[in-house]
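Trainee: My structure is in structure-v3.pdb, and what it holds is PDB, C-alpha atoms and all ligand atoms:
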ATOM      1  CA  MET A  90      15.618  16.064 -43.247
ATOM      2  CA  GLN A  91      16.039  16.981 -46.885
ATOM      3  CA  VAL A  92      15.642  14.242 -49.488
ATOM      4  CA  VAL A  93      17.672  14.651 -52.684
ATOM      5  CA  HIS A  94      18.021  12.530 -55.783
ATOM      6  CA  THR A  95      20.666  14.136 -57.998
ATOM      7  CA  ARG A  96      24.208  15.491 -57.967
ATOM      8  CA  ALA A  97      22.941  19.039 -58.626
ATOM      9  CA  GLU A  98      20.712  18.860 -55.530
ATOM     10  CA  LEU A  99      23.649  17.586 -53.482
ATOM     11  CA  LEU A 100      25.877  20.451 -54.611
ATOM     12  CA  ALA A 101      23.184  22.979 -53.652
ATOM     13  CA  TRP A 102      22.799  21.306 -50.259
ATOM     14  CA  HIS A 103      26.568  21.530 -49.651
ATOM     15  CA  GLU A 104      26.545  25.282 -50.272
ATOM     16  CA  ALA A 105      23.941  25.795 -47.552
ATOM     17  CA  HIS A 106      25.338  23.487 -44.871
ATOM     18  CA  PRO A 107      28.531  23.509 -42.786
ATOM     19  CA  ALA A 108      31.084  20.672 -42.792
ATOM     20  CA  PRO A 109      31.994  18.197 -41.484
ATOM     21  CA  LEU A 110      29.560  15.824 -43.127
ATOM     22  CA  GLY A 111      29.322  12.225 -41.932
ATOM     23  CA  PHE A 112      27.989   9.731 -44.472
ATOM     24  CA  VAL A 113      26.262   6.363 -44.063
ATOM     25  CA  PRO A 114      25.745   4.534 -47.379
ATOM     26  CA  THR A 115      23.023   1.882 -47.239
ATOM     27  CA  MET A 116      20.723  -0.195 -49.394
ATOM     28  CA  GLY A 117      17.752   0.807 -47.224
ATOM     29  CA  ASN A 118      15.409  -1.404 -45.218
ATOM     30  CA  LEU A 119      16.987   0.248 -42.228
ATOM     31  CA  HIS A 120      17.381  -1.515 -38.899
ATOM     32  CA  ALA A 121      19.125  -0.771 -35.612
ATOM     33  CA  GLY A 122      22.488  -1.672 -37.175
ATOM     34  CA  HIS A 123      22.138   1.197 -39.653
ATOM     35  CA  LEU A 124      20.968   3.531 -36.897
ATOM     36  CA  ALA A 125      24.092   2.725 -34.880
ATOM     37  CA  LEU A 126      26.069   4.050 -37.867
ATOM     38  CA  VAL A 127      23.940   7.216 -37.947
ATOM     39  CA  THR A 128      24.489   7.705 -34.210
ATOM     40  CA  ALA A 129      28.245   7.241 -34.602
ATOM     41  CA  ALA A 130      28.230   9.780 -37.441
ATOM     42  CA  GLN A 131      26.192  12.289 -35.441
ATOM     43  CA  ALA A 132      28.693  12.126 -32.582
ATOM     44  CA  GLU A 133      31.497  13.607 -34.678
ATOM     45  CA  ASN A 134      30.001  15.547 -37.597
ATOM     46  CA  ALA A 135      27.923  18.718 -37.943
ATOM     47  CA  GLN A 136      25.676  17.051 -40.535
ATOM     48  CA  VAL A 137      24.815  13.453 -41.337
ATOM     49  CA  ALA A 138      23.786  12.105 -44.732
ATOM     50  CA  VAL A 139      22.445   8.629 -45.488
ATOM     51  CA  SER A 140      22.098   7.171 -48.952
ATOM     52  CA  ILE A 141      19.637   4.476 -49.965
ATOM     53  CA  PHE A 142      20.384   2.710 -53.220
ATOM     54  CA  VAL A 143      19.930  -0.984 -53.959
ATOM     55  CA  ASN A 144      22.981  -1.281 -56.140
ATOM     56  CA  PRO A 145      22.377  -3.678 -59.049
ATOM     57  CA  THR A 146      26.062  -4.171 -59.876
ATOM     58  CA  GLN A 147      26.838  -5.899 -56.576
ATOM     59  CA  PHE A 148      24.232  -8.627 -57.078
ATOM     60  CA  GLY A 149      24.981 -11.746 -59.100
ATOM     61  CA  PRO A 150      22.497 -13.055 -61.680
ATOM     62  CA  ASN A 151      21.108 -15.652 -59.248
ATOM     63  CA  GLU A 152      21.066 -13.380 -56.202
ATOM     64  CA  ASP A 153      18.244 -11.477 -54.514
ATOM     65  CA  PHE A 154      18.366  -8.087 -56.300
ATOM     66  CA  SER A 155      14.670  -8.033 -57.205
ATOM     67  CA  ALA A 156      13.580  -9.599 -53.888
ATOM     68  CA  TYR A 157      15.759  -7.268 -51.783
ATOM     69  CA  PRO A 158      13.377  -5.419 -49.419
ATOM     70  CA  ARG A 159      12.645  -1.844 -50.552
ATOM     71  CA  THR A 160      10.964   0.190 -47.817
ATOM     72  CA  LEU A 161      11.717   3.828 -48.706
ATOM     73  CA  ASP A 162       8.704   5.416 -46.973
ATOM     74  CA  SER A 163       9.334   3.753 -43.618
ATOM     75  CA  ASP A 164      13.100   4.328 -43.998
ATOM     76  CA  ILE A 165      12.444   8.068 -44.427
ATOM     77  CA  ALA A 166      10.337   8.083 -41.250
ATOM     78  CA  VAL A 167      13.070   6.222 -39.346
ATOM     79  CA  LEU A 168      15.751   8.660 -40.516
ATOM     80  CA  GLU A 169      13.576  11.704 -39.698
ATOM     81  CA  ALA A 170      13.086  10.342 -36.177
ATOM     82  CA  ALA A 171      16.819   9.714 -35.842
ATOM     83  CA  GLY A 172      17.579  13.343 -36.682
ATOM     84  CA  CYS A 173      19.386  12.621 -39.945
ATOM     85  CA  ASP A 174      19.995  15.788 -41.996
ATOM     86  CA  LEU A 175      20.106  14.553 -45.568
ATOM     87  CA  LEU A 176      18.925  11.509 -47.493
ATOM     88  CA  LEU A 177      20.308  10.767 -50.937
ATOM     89  CA  ALA A 178      17.923   8.431 -52.738
ATOM     90  CA  PRO A 179      19.511   8.481 -56.181
ATOM     91  CA  THR A 180      17.934   7.214 -59.342
ATOM     92  CA  ALA A 181      19.810   4.494 -61.220
ATOM     93  CA  ALA A 182      20.633   7.166 -63.835
ATOM     94  CA  THR A 183      22.389   9.321 -61.204
ATOM     95  CA  MET A 184      24.545   6.407 -60.119
ATOM     96  CA  TYR A 185      25.049   4.827 -63.547
ATOM     97  CA  PRO A 186      24.509   7.449 -66.273
ATOM     98  CA  ALA A 187      23.829   6.200 -69.786
ATOM     99  CA  GLY A 188      27.029   4.878 -71.315
ATOM    100  CA  THR A 189      28.641   4.018 -67.947
ATOM    101  CA  ASP A 190      31.594   1.802 -68.756
ATOM    102  CA  THR A 191      34.054   1.980 -65.857
ATOM    103  CA  ARG A 192      34.422  -0.433 -62.936
ATOM    104  CA  ILE A 193      36.771  -0.561 -59.974
ATOM    105  CA  VAL A 194      38.248  -4.025 -59.483
ATOM    106  CA  PRO A 195      39.578  -4.696 -55.975
ATOM    107  CA  GLY A 196      42.739  -6.782 -55.682
ATOM    108  CA  ALA A 197      43.504  -9.811 -53.509
ATOM    109  CA  VAL A 198      41.454  -8.537 -50.561
ATOM    110  CA  GLY A 199      38.331  -8.936 -52.695
ATOM    111  CA  GLU A 200      39.316 -12.342 -53.988
ATOM    112  CA  SER A 201      39.307 -14.317 -50.727
ATOM    113  CA  LEU A 202      36.329 -15.300 -48.522
ATOM    114  CA  CYS A 203      33.125 -14.292 -50.392
ATOM    115  CA  GLY A 204      35.064 -13.354 -53.548
ATOM    116  CA  PRO A 205      34.972 -16.724 -55.348
ATOM    117  CA  PHE A 206      31.311 -17.300 -54.414
ATOM    118  CA  ARG A 207      30.108 -13.857 -55.501
ATOM    119  CA  PRO A 208      32.020 -12.986 -58.678
ATOM    120  CA  GLY A 209      31.871  -9.249 -59.378
ATOM    121  CA  HIS A 210      30.280  -8.432 -56.025
ATOM    122  CA  PHE A 211      33.147  -6.424 -54.545
ATOM    123  CA  SER A 212      33.756  -4.700 -57.843
ATOM    124  CA  GLY A 213      30.125  -3.553 -57.718
ATOM    125  CA  VAL A 214      30.501  -2.445 -54.087
ATOM    126  CA  ALA A 215      33.778  -0.580 -54.675
ATOM    127  CA  THR A 216      32.432   1.126 -57.790
ATOM    128  CA  VAL A 217      29.208   2.318 -56.192
ATOM    129  CA  VAL A 218      30.917   3.437 -52.980
ATOM    130  CA  ALA A 219      33.565   5.368 -54.941
ATOM    131  CA  THR A 220      30.793   7.080 -56.910
ATOM    132  CA  LEU A 221      28.848   7.846 -53.713
ATOM    133  CA  TRP A 222      31.954   9.262 -52.038
ATOM    134  CA  HIS A 223      32.518  11.543 -55.045
ATOM    135  CA  LEU A 224      28.891  12.668 -55.130
ATOM    136  CA  VAL A 225      28.371  13.170 -51.398
ATOM    137  CA  GLN A 226      31.899  14.452 -50.573
ATOM    138  CA  PRO A 227      31.772  13.519 -46.880
ATOM    139  CA  GLN A 228      34.561  14.138 -44.396
ATOM    140  CA  ARG A 229      33.823  10.764 -42.790
ATOM    141  CA  ALA A 230      32.040   7.590 -43.929
ATOM    142  CA  TYR A 231      30.663   4.866 -41.638
ATOM    143  CA  PHE A 232      30.375   1.115 -42.222
ATOM    144  CA  GLY A 233      29.345  -1.804 -40.015
ATOM    145  CA  THR A 234      31.814  -4.620 -39.444
ATOM    146  CA  LYS A 235      29.252  -7.369 -40.125
ATOM    147  CA  ASP A 236      30.665  -7.436 -43.628
ATOM    148  CA  TRP A 237      34.307  -7.338 -42.564
ATOM    149  CA  GLN A 238      35.511  -8.119 -46.070
ATOM    150  CA  GLN A 239      33.553  -5.183 -47.500
ATOM    151  CA  CYS A 240      35.206  -2.966 -44.879
ATOM    152  CA  MET A 241      38.710  -4.145 -45.838
ATOM    153  CA  VAL A 242      37.986  -3.819 -49.588
ATOM    154  CA  LEU A 243      36.822  -0.223 -49.010
ATOM    155  CA  ARG A 244      39.790   0.500 -46.753
ATOM    156  CA  ARG A 245      42.102  -0.404 -49.671
ATOM    157  CA  LEU A 246      39.921   1.602 -52.059
ATOM    158  CA  LEU A 247      40.338   4.688 -49.880
ATOM    159  CA  LEU A 248      44.098   4.246 -49.459
ATOM    160  CA  ASP A 249      44.907   3.110 -53.004
ATOM    161  CA  LEU A 250      42.834   5.715 -54.850
ATOM    162  CA  ALA A 251      43.488   8.501 -52.316
ATOM    163  CA  PHE A 252      39.975   9.404 -51.281
ATOM    164  CA  PRO A 253      40.124  12.487 -49.037
ATOM    165  CA  LEU A 254      37.943  11.248 -46.208
ATOM    166  CA  GLU A 255      38.114   9.139 -43.078
ATOM    167  CA  MET A 256      36.475   5.725 -43.022
ATOM    168  CA  VAL A 257      35.101   4.660 -39.638
ATOM    169  CA  LEU A 258      34.077   1.088 -38.761
ATOM    170  CA  VAL A 259      31.326   0.447 -36.227
ATOM    171  CA  PRO A 260      30.946  -2.946 -34.479
ATOM    172  CA  THR A 261      28.167  -5.273 -35.651
ATOM    173  CA  LYS A 262      24.843  -4.615 -33.983
ATOM    174  CA  ARG A 263      23.296  -7.846 -32.697
ATOM    175  CA  GLU A 264      19.863  -8.958 -31.553
ATOM    176  CA  ALA A 265      19.619  -9.727 -27.813
ATOM    177  CA  ASP A 266      20.369 -13.406 -28.527
ATOM    178  CA  GLY A 267      23.453 -12.626 -30.612
ATOM    179  CA  LEU A 268      22.160 -12.845 -34.203
ATOM    180  CA  ALA A 269      23.893 -10.206 -36.317
ATOM    181  CA  MET A 270      21.339  -7.685 -37.603
ATOM    182  CA  SER A 271      20.799  -7.900 -41.343
ATOM    183  CA  SER A 272      18.040  -6.994 -43.768
ATOM    184  CA  ARG A 273      18.288 -10.582 -45.010
ATOM    185  CA  ASN A 274      17.218 -11.962 -41.589
ATOM    186  CA  GLN A 275      13.633 -11.256 -42.617
ATOM    187  CA  TYR A 276      13.912 -13.993 -45.254
ATOM    188  CA  LEU A 277      14.240 -16.525 -42.391
ATOM    189  CA  SER A 278      11.310 -18.586 -41.102
ATOM    190  CA  ALA A 279      10.860 -18.745 -37.332
ATOM    191  CA  ALA A 280      12.627 -22.121 -37.248
ATOM    192  CA  GLU A 281      15.507 -20.839 -39.412
ATOM    193  CA  ARG A 282      15.770 -17.728 -37.257
ATOM    194  CA  SER A 283      16.660 -19.882 -34.256
ATOM    195  CA  GLN A 284      18.915 -22.195 -36.317
ATOM    196  CA  ALA A 285      20.827 -19.125 -37.540
ATOM    197  CA  LEU A 286      22.004 -18.507 -33.988
ATOM    198  CA  GLN A 287      24.459 -21.363 -34.433
ATOM    199  CA  ILE A 288      26.637 -18.986 -36.460
ATOM    200  CA  HIS A 289      27.035 -16.741 -33.436
ATOM    201  CA  ARG A 290      27.679 -19.762 -31.217
ATOM    202  CA  ALA A 291      30.431 -20.949 -33.545
ATOM    203  CA  LEU A 292      32.110 -17.543 -33.532
ATOM    204  CA  THR A 293      31.760 -17.287 -29.766
ATOM    205  CA  ALA A 294      33.494 -20.659 -29.482
ATOM    206  CA  ALA A 295      36.376 -19.356 -31.611
ATOM    207  CA  VAL A 296      36.711 -16.254 -29.419
ATOM    208  CA  GLY A 297      36.656 -18.424 -26.296
ATOM    209  CA  ALA A 298      39.343 -20.742 -27.607
ATOM    210  CA  PHE A 299      41.506 -17.771 -28.625
ATOM    211  CA  GLN A 300      41.083 -16.246 -25.162
ATOM    212  CA  ASP A 301      42.120 -19.597 -23.694
ATOM    213  CA  GLY A 302      45.365 -19.396 -25.650
ATOM    214  CA  GLU A 303      44.642 -21.275 -28.895
ATOM    215  CA  ARG A 304      46.781 -19.709 -31.654
ATOM    216  CA  HIS A 305      46.665 -22.233 -34.484
ATOM    217  CA  PRO A 306      44.455 -21.069 -37.352
ATOM    218  CA  ALA A 307      43.642 -24.613 -38.482
ATOM    219  CA  THR A 308      42.556 -25.627 -34.971
ATOM    220  CA  LEU A 309      40.358 -22.538 -34.623
ATOM    221  CA  GLN A 310      38.872 -23.172 -38.043
ATOM    222  CA  ARG A 311      38.134 -26.821 -37.200
ATOM    223  CA  LEU A 312      36.527 -25.863 -33.900
ATOM    224  CA  THR A 313      34.354 -23.165 -35.509
ATOM    225  CA  LEU A 314      33.233 -25.542 -38.253
ATOM    226  CA  GLU A 315      32.511 -28.275 -35.723
ATOM    227  CA  VAL A 316      30.231 -26.002 -33.644
ATOM    228  CA  LEU A 317      28.573 -24.683 -36.816
ATOM    229  CA  SER A 318      27.873 -28.175 -38.114
ATOM    230  CA  ARG A 319      25.885 -29.056 -34.979
ATOM    231  CA  GLU A 320      23.044 -27.315 -36.840
ATOM    232  CA  ALA A 321      22.552 -29.677 -39.770
ATOM    233  CA  ASP A 322      20.432 -27.264 -41.851
ATOM    234  CA  LEU A 323      23.208 -24.661 -41.907
ATOM    235  CA  LYS A 324      25.267 -25.306 -45.029
ATOM    236  CA  PRO A 325      28.620 -23.544 -44.630
ATOM    237  CA  GLN A 326      30.061 -21.999 -47.771
ATOM    238  CA  TYR A 327      33.265 -21.251 -45.927
ATOM    239  CA  VAL A 328      34.715 -20.912 -42.459
ATOM    240  CA  ALA A 329      37.987 -19.009 -42.659
ATOM    241  CA  VAL A 330      40.608 -17.812 -40.198
ATOM    242  CA  VAL A 331      42.540 -15.072 -41.982
ATOM    243  CA  ASP A 332      44.662 -11.986 -41.447
ATOM    244  CA  ALA A 333      42.186  -9.258 -40.444
ATOM    245  CA  GLU A 334      43.558  -6.672 -42.867
ATOM    246  CA  THR A 335      44.637  -8.608 -45.961
ATOM    247  CA  LEU A 336      42.178 -11.519 -45.535
ATOM    248  CA  GLN A 337      44.948 -13.866 -46.630
ATOM    249  CA  PRO A 338      45.659 -17.205 -44.888
ATOM    250  CA  ILE A 339      47.856 -17.087 -41.810
ATOM    251  CA  THR A 340      51.076 -19.041 -41.930
ATOM    252  CA  GLY A 341      52.252 -20.373 -38.585
ATOM    253  CA  SER A 342      50.501 -19.312 -35.431
ATOM    254  CA  ILE A 343      48.354 -16.216 -34.971
ATOM    255  CA  GLY A 344      50.483 -13.203 -34.126
ATOM    256  CA  SER A 345      48.504 -10.302 -35.580
ATOM    257  CA  PRO A 346      44.842  -9.281 -35.704
ATOM    258  CA  THR A 347      42.798 -12.077 -37.219
ATOM    259  CA  THR A 348      39.266 -12.493 -38.518
ATOM    260  CA  VAL A 349      37.154 -15.616 -38.262
ATOM    261  CA  ALA A 350      34.607 -15.320 -41.053
ATOM    262  CA  ILE A 351      31.611 -17.503 -41.849
ATOM    263  CA  ALA A 352      29.251 -17.648 -44.817
ATOM    264  CA  ALA A 353      26.470 -20.216 -44.697
ATOM    265  CA  HIS A 354      23.209 -20.983 -46.415
ATOM    266  CA  LEU A 355      20.099 -21.603 -44.384
ATOM    267  CA  GLY A 356      17.302 -22.619 -46.714
ATOM    268  CA  LYS A 357      17.285 -19.958 -49.435
ATOM    269  CA  THR A 358      19.088 -17.353 -47.324
ATOM    270  CA  ARG A 359      22.812 -16.717 -47.354
ATOM    271  CA  LEU A 360      24.124 -15.377 -44.048
ATOM    272  CA  ILE A 361      27.534 -13.970 -43.140
ATOM    273  CA  ASP A 362      29.097 -13.049 -39.827
ATOM    274  CA  ASN A 363      32.575 -12.729 -38.350
ATOM    275  CA  CYS A 364      34.558 -12.023 -35.243
ATOM    276  CA  VAL A 365      37.963 -10.488 -34.816
ATOM    277  CA  LEU A 366      40.720 -11.881 -32.625
ATOM    278  CA  GLY A 367      43.330  -9.549 -31.227
ATOM    279  CA  ASP A 368      43.395  -5.762 -31.334
ATOM    280  CA  VAL A 369      41.948  -4.416 -34.581
ATOM    281  CA  THR A 370      41.720  -0.823 -33.306
ATOM    282  CA  PRO A 371      44.145   0.473 -35.995
ATOM    283  CA  LEU A 372      41.809  -0.893 -38.687
ATOM    284  CA  LEU A 373      38.730   0.852 -37.348
ATOM    285  CA  ARG A 374      39.732   4.268 -38.709
ATOM    286  CA  THR A 375      41.341   4.723 -42.085
ATOM    287  CA  CYS A 376      42.483   7.895 -43.770
ATOM    288  CA  LEU A 377      45.381   8.961 -45.986
TER     289      LEU A 377
HETATM  290  O1  LIG A 401      26.684  -2.634 -47.114
HETATM  291  C1  LIG A 401      25.842  -2.201 -47.921
HETATM  292  O2  LIG A 401      24.678  -1.952 -47.580
HETATM  293  C2  LIG A 401      26.244  -1.984 -49.356
HETATM  294  O3  LIG A 401      27.151  -2.940 -49.778
HETATM  295  C3  LIG A 401      26.773  -0.567 -49.651
HETATM  296  C4  LIG A 401      28.051  -0.273 -48.871
HETATM  297  C5  LIG A 401      25.705   0.457 -49.284
HETATM  298  C6  LIG A 401      27.102  -0.418 -51.135
HETATM  299  O4  LIG A 401      25.976  -0.621 -51.933
END
Now, as a test, write the supplied structure out as structure tokens.
Ligand code: PAF
Mentor:
Amino acid sequence: MQVVHTRAELLAWHEAHPAPLGFVPTMGNLHAGHLALVTAAQAENAQVAVSIFVNPTQFGPNEDFSAYPRTLDSDIAVLEAAGCDLLLAPTAATMYPAGTDTRIVPGAVGESLCGPFRPGHFSGVATVVATLWHLVQPQRAYFGTKDWQQCMVLRRLLLDLAFPLEMVLVPTKREADGLAMSSRNQYLSAAERSQALQIHRALTAAVGAFQDGERHPATLQRLTLEVLSREADLKPQYVAVVDAETLQPITGSIGSPTTVAIAAHLGKTRLIDNCVLGDVTPLLRTCL
């Protein structure tokens, strides 16, 4: 695996390697969820690139930017073992050259769910991903559905600003007991780790009720919140039942693909997870 840091090195790499290139952008501290993205990329591309960049612009002033786990050496070993071809580990100056003054601001899709609680977050994500897509020039880019809202923000970014690549979504990788894999899980104490499972139980309850025929968003939301609140230490920021693509509230009963999304605090850690109801297959691949 070649490790590069700059745009010039990327351009040289492109000249020596055949397309198609599959791309997995990450913030490092890689776990099996990231490797599932690499595996999906390897299945349909000649080359696979991963980027590792803890992007400052997507963290709020009181969030965990400085505490975010940075494990570059072990990440490189993991990617070597996985057969990844290229790692982009850019400097901050490559991503945000001196004088940088432009930001992408997502529309309504970035304003629901996490939007109000993390002002500027999706602008930071969209801006860094757009820059990475320009630098890396992949034919396909892979994202995990654990952050469903991020996926839908980036889907709009691709369509609205005409990025010439295909975006592929890969289902959330879970621990054996159902906890969604996340670098932030390592902030949890052993007790919190088992309390966190209640999020998965709440989503499983929503899926079960939907499968049993429940179609009223408010009823599904109430049920999910009720199961979640059985774990008193979990402090929900929101439980939302929204249109899977636009993330806007559903009027009437559920008739199109829907997402049940949860954000909750457990001690100092903020956790998110979601499930989708109905057939979201058309949303799993996006291109112009
Ligand atoms: O999902 C992430 O790890 C990040 O938000 C991303 C897409 C790499 C942008 O920094």
Trainee: Distance CA of Gly341 (chain A)-CA of Val198 (chain A), one decimal place?
Mentor: 20.0 Å
Trainee: Taking all atoms listed in the file into account, report as a PyMOL selection string which residues have an atom no farther than 7 Å from an atom of ligand LIG 401 (chain A).
Mentor: chain A and resi 114-116+142-144+214+217-218
Trainee: Quick one: residues within 6 Å of region 291-301 of chain A, all atoms listed in the file counted, chain neighbours fewer than 3 positions away excluded, as a ChimeraX atom specification?
Mentor: /A:288,309,313,316-317
Trainee: Would you kindly translate the PyMOL selection byres (((chain A and resi 252) around 9) and not hetatm) into the concrete residues it picks from this file, as an NGL selection string?
Mentor: :A and (219 or 222-223 or 246-251 or 253-255 or 376-377)
Trainee: The PyMOL selection byres (((chain A and resi 224) around 9) and not hetatm) - which residues does that actually catch in the file I just gave you? List them as a list of chain:residue names.
Mentor: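 Checking the PyMOL selection byres (((chain A and resi 224) around 9) and not hetatm) against this file, the residues are A:Thr95, A:Arg96, A:Leu99, A:Leu100, A:Ala219, A:Thr220, A:Leu221, A:Trp222, A:His223, A:Val225, A:Gln226, A:Pro227.
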Trainee: Between A:Asp236, A:Thr191, A:Val242, A:Val259, which has the minimum distance to Thr128 (chain A) (counting only C-alpha atoms)?
Mentor: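 The answer is A:Val259, which sits nearest to Thr128 (chain A).
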Trainee: Assuming the chain letters and numbering stay as they are in my file, what does the PyMOL selection byres (((chain A and resi 162-176) around 12) and not hetatm) actually select? List them as a PyMOL selection string.
Mentor: chain A and resi 90-95+98-99+102-103+106-107+110-121+123-132+134-142+158-161+177-179+225+227
Trainee: I'd like the contact shell of Phe211 (chain A) - 7 Å cut-off, only C-alpha atoms, skipping same-chain residues fewer than 2 positions apart - returned as a list of chain:residue names.
Mentor: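 Close residues of Phe211 (chain A): A:Gln147, A:Pro195, A:Gly199, A:Gly209, A:Gly213, A:Val214, A:Ala215.
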Trainee: Now that the selection is made, can you save its residues with C-alpha atoms as a short mmCIF file (atom, residue, chain, number, x, y, z; two decimals), in the coordinates of the input?
Mentor:
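Here's the written file again39.cif:
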data_model
loop_
_atom_site.label_atom_id
_atom_site.label_comp_id
_atom_site.auth_asym_id
_atom_site.auth_seq_id
_atom_site.Cartn_x
_atom_site.Cartn_y
_atom_site.Cartn_z
CA GLN A 147 26.84 -5.90 -56.58
CA PRO A 195 39.58 -4.70 -55.98
CA GLY A 199 38.33 -8.94 -52.70
CA GLY A 209 31.87 -9.25 -59.38
CA GLY A 213 30.12 -3.55 -57.72
CA VAL A 214 30.50 -2.44 -54.09
CA ALA A 215 33.78 -0.58 -54.68
#
Trainee: Rank nothing, just name the residue among A:Leu277, A:Leu360, A:Ala197, A:Ala230 nearest to Gln337 (chain A), using all atoms listed in the file.
Mentor: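 The shortest atom-to-atom distance to Gln337 (chain A) comes from A:Ala197.
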Trainee: For CA of Lys262 (chain A) and CA of Glu152 (chain A), determine how far apart the two atoms are, in Å to one decimal place.
Mentor: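 Calculated distance between CA of Lys262 (chain A) and CA of Glu152 (chain A) is 24.2 Å.
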Trainee: With N, CA, C and O atoms as the atom set, please write region 234-245 of chain A from the structure just given, as a short mmCIF file (atom, residue, chain, number, x, y, z; two decimals), in the first residue's frame.
Mentor:
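Final output, selection-v9.cif:
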data_model
loop_
_atom_site.label_atom_id
_atom_site.label_comp_id
_atom_site.auth_asym_id
_atom_site.auth_seq_id
_atom_site.Cartn_x
_atom_site.Cartn_y
_atom_site.Cartn_z
N THR A 234 -24.07 3.17 6.54
CA THR A 234 -25.38 3.78 6.81
C THR A 234 -25.60 4.08 8.29
O THR A 234 -26.69 4.51 8.65
N LYS A 235 -24.59 3.86 9.14
CA LYS A 235 -24.81 4.20 10.56
C LYS A 235 -25.17 5.68 10.68
O LYS A 235 -26.05 6.05 11.45
N ASP A 236 -24.47 6.51 9.92
CA ASP A 236 -24.87 7.92 9.87
C ASP A 236 -25.73 8.13 8.62
O ASP A 236 -25.25 8.57 7.57
N TRP A 237 -27.00 7.75 8.75
CA TRP A 237 -27.90 7.82 7.59
C TRP A 237 -28.02 9.26 7.09
O TRP A 237 -28.07 9.51 5.89
N GLN A 238 -28.06 10.20 8.03
CA GLN A 238 -28.22 11.60 7.60
C GLN A 238 -27.00 12.04 6.79
O GLN A 238 -27.14 12.71 5.76
N GLN A 239 -25.81 11.67 7.24
CA GLN A 239 -24.61 12.00 6.45
C GLN A 239 -24.74 11.44 5.04
O GLN A 239 -24.42 12.12 4.05
N CYS A 240 -25.21 10.20 4.94
CA CYS A 240 -25.37 9.58 3.61
C CYS A 240 -26.33 10.39 2.74
O CYS A 240 -26.07 10.59 1.55
N MET A 241 -27.44 10.84 3.31
CA MET A 241 -28.43 11.58 2.50
C MET A 241 -27.93 12.99 2.17
O MET A 241 -28.22 13.52 1.09
N VAL A 242 -27.18 13.60 3.07
CA VAL A 242 -26.57 14.91 2.77
C VAL A 242 -25.59 14.76 1.60
O VAL A 242 -25.59 15.57 0.66
N LEU A 243 -24.79 13.68 1.62
CA LEU A 243 -23.78 13.50 0.57
C LEU A 243 -24.43 13.06 -0.74
O LEU A 243 -23.93 13.38 -1.83
N ARG A 244 -25.55 12.35 -0.63
CA ARG A 244 -26.30 12.00 -1.85
C ARG A 244 -26.74 13.27 -2.57
O ARG A 244 -26.57 13.41 -3.78
N ARG A 245 -27.28 14.24 -1.81
CA ARG A 245 -27.70 15.52 -2.42
C ARG A 245 -26.49 16.29 -2.95
O ARG A 245 -26.56 16.91 -4.01
#
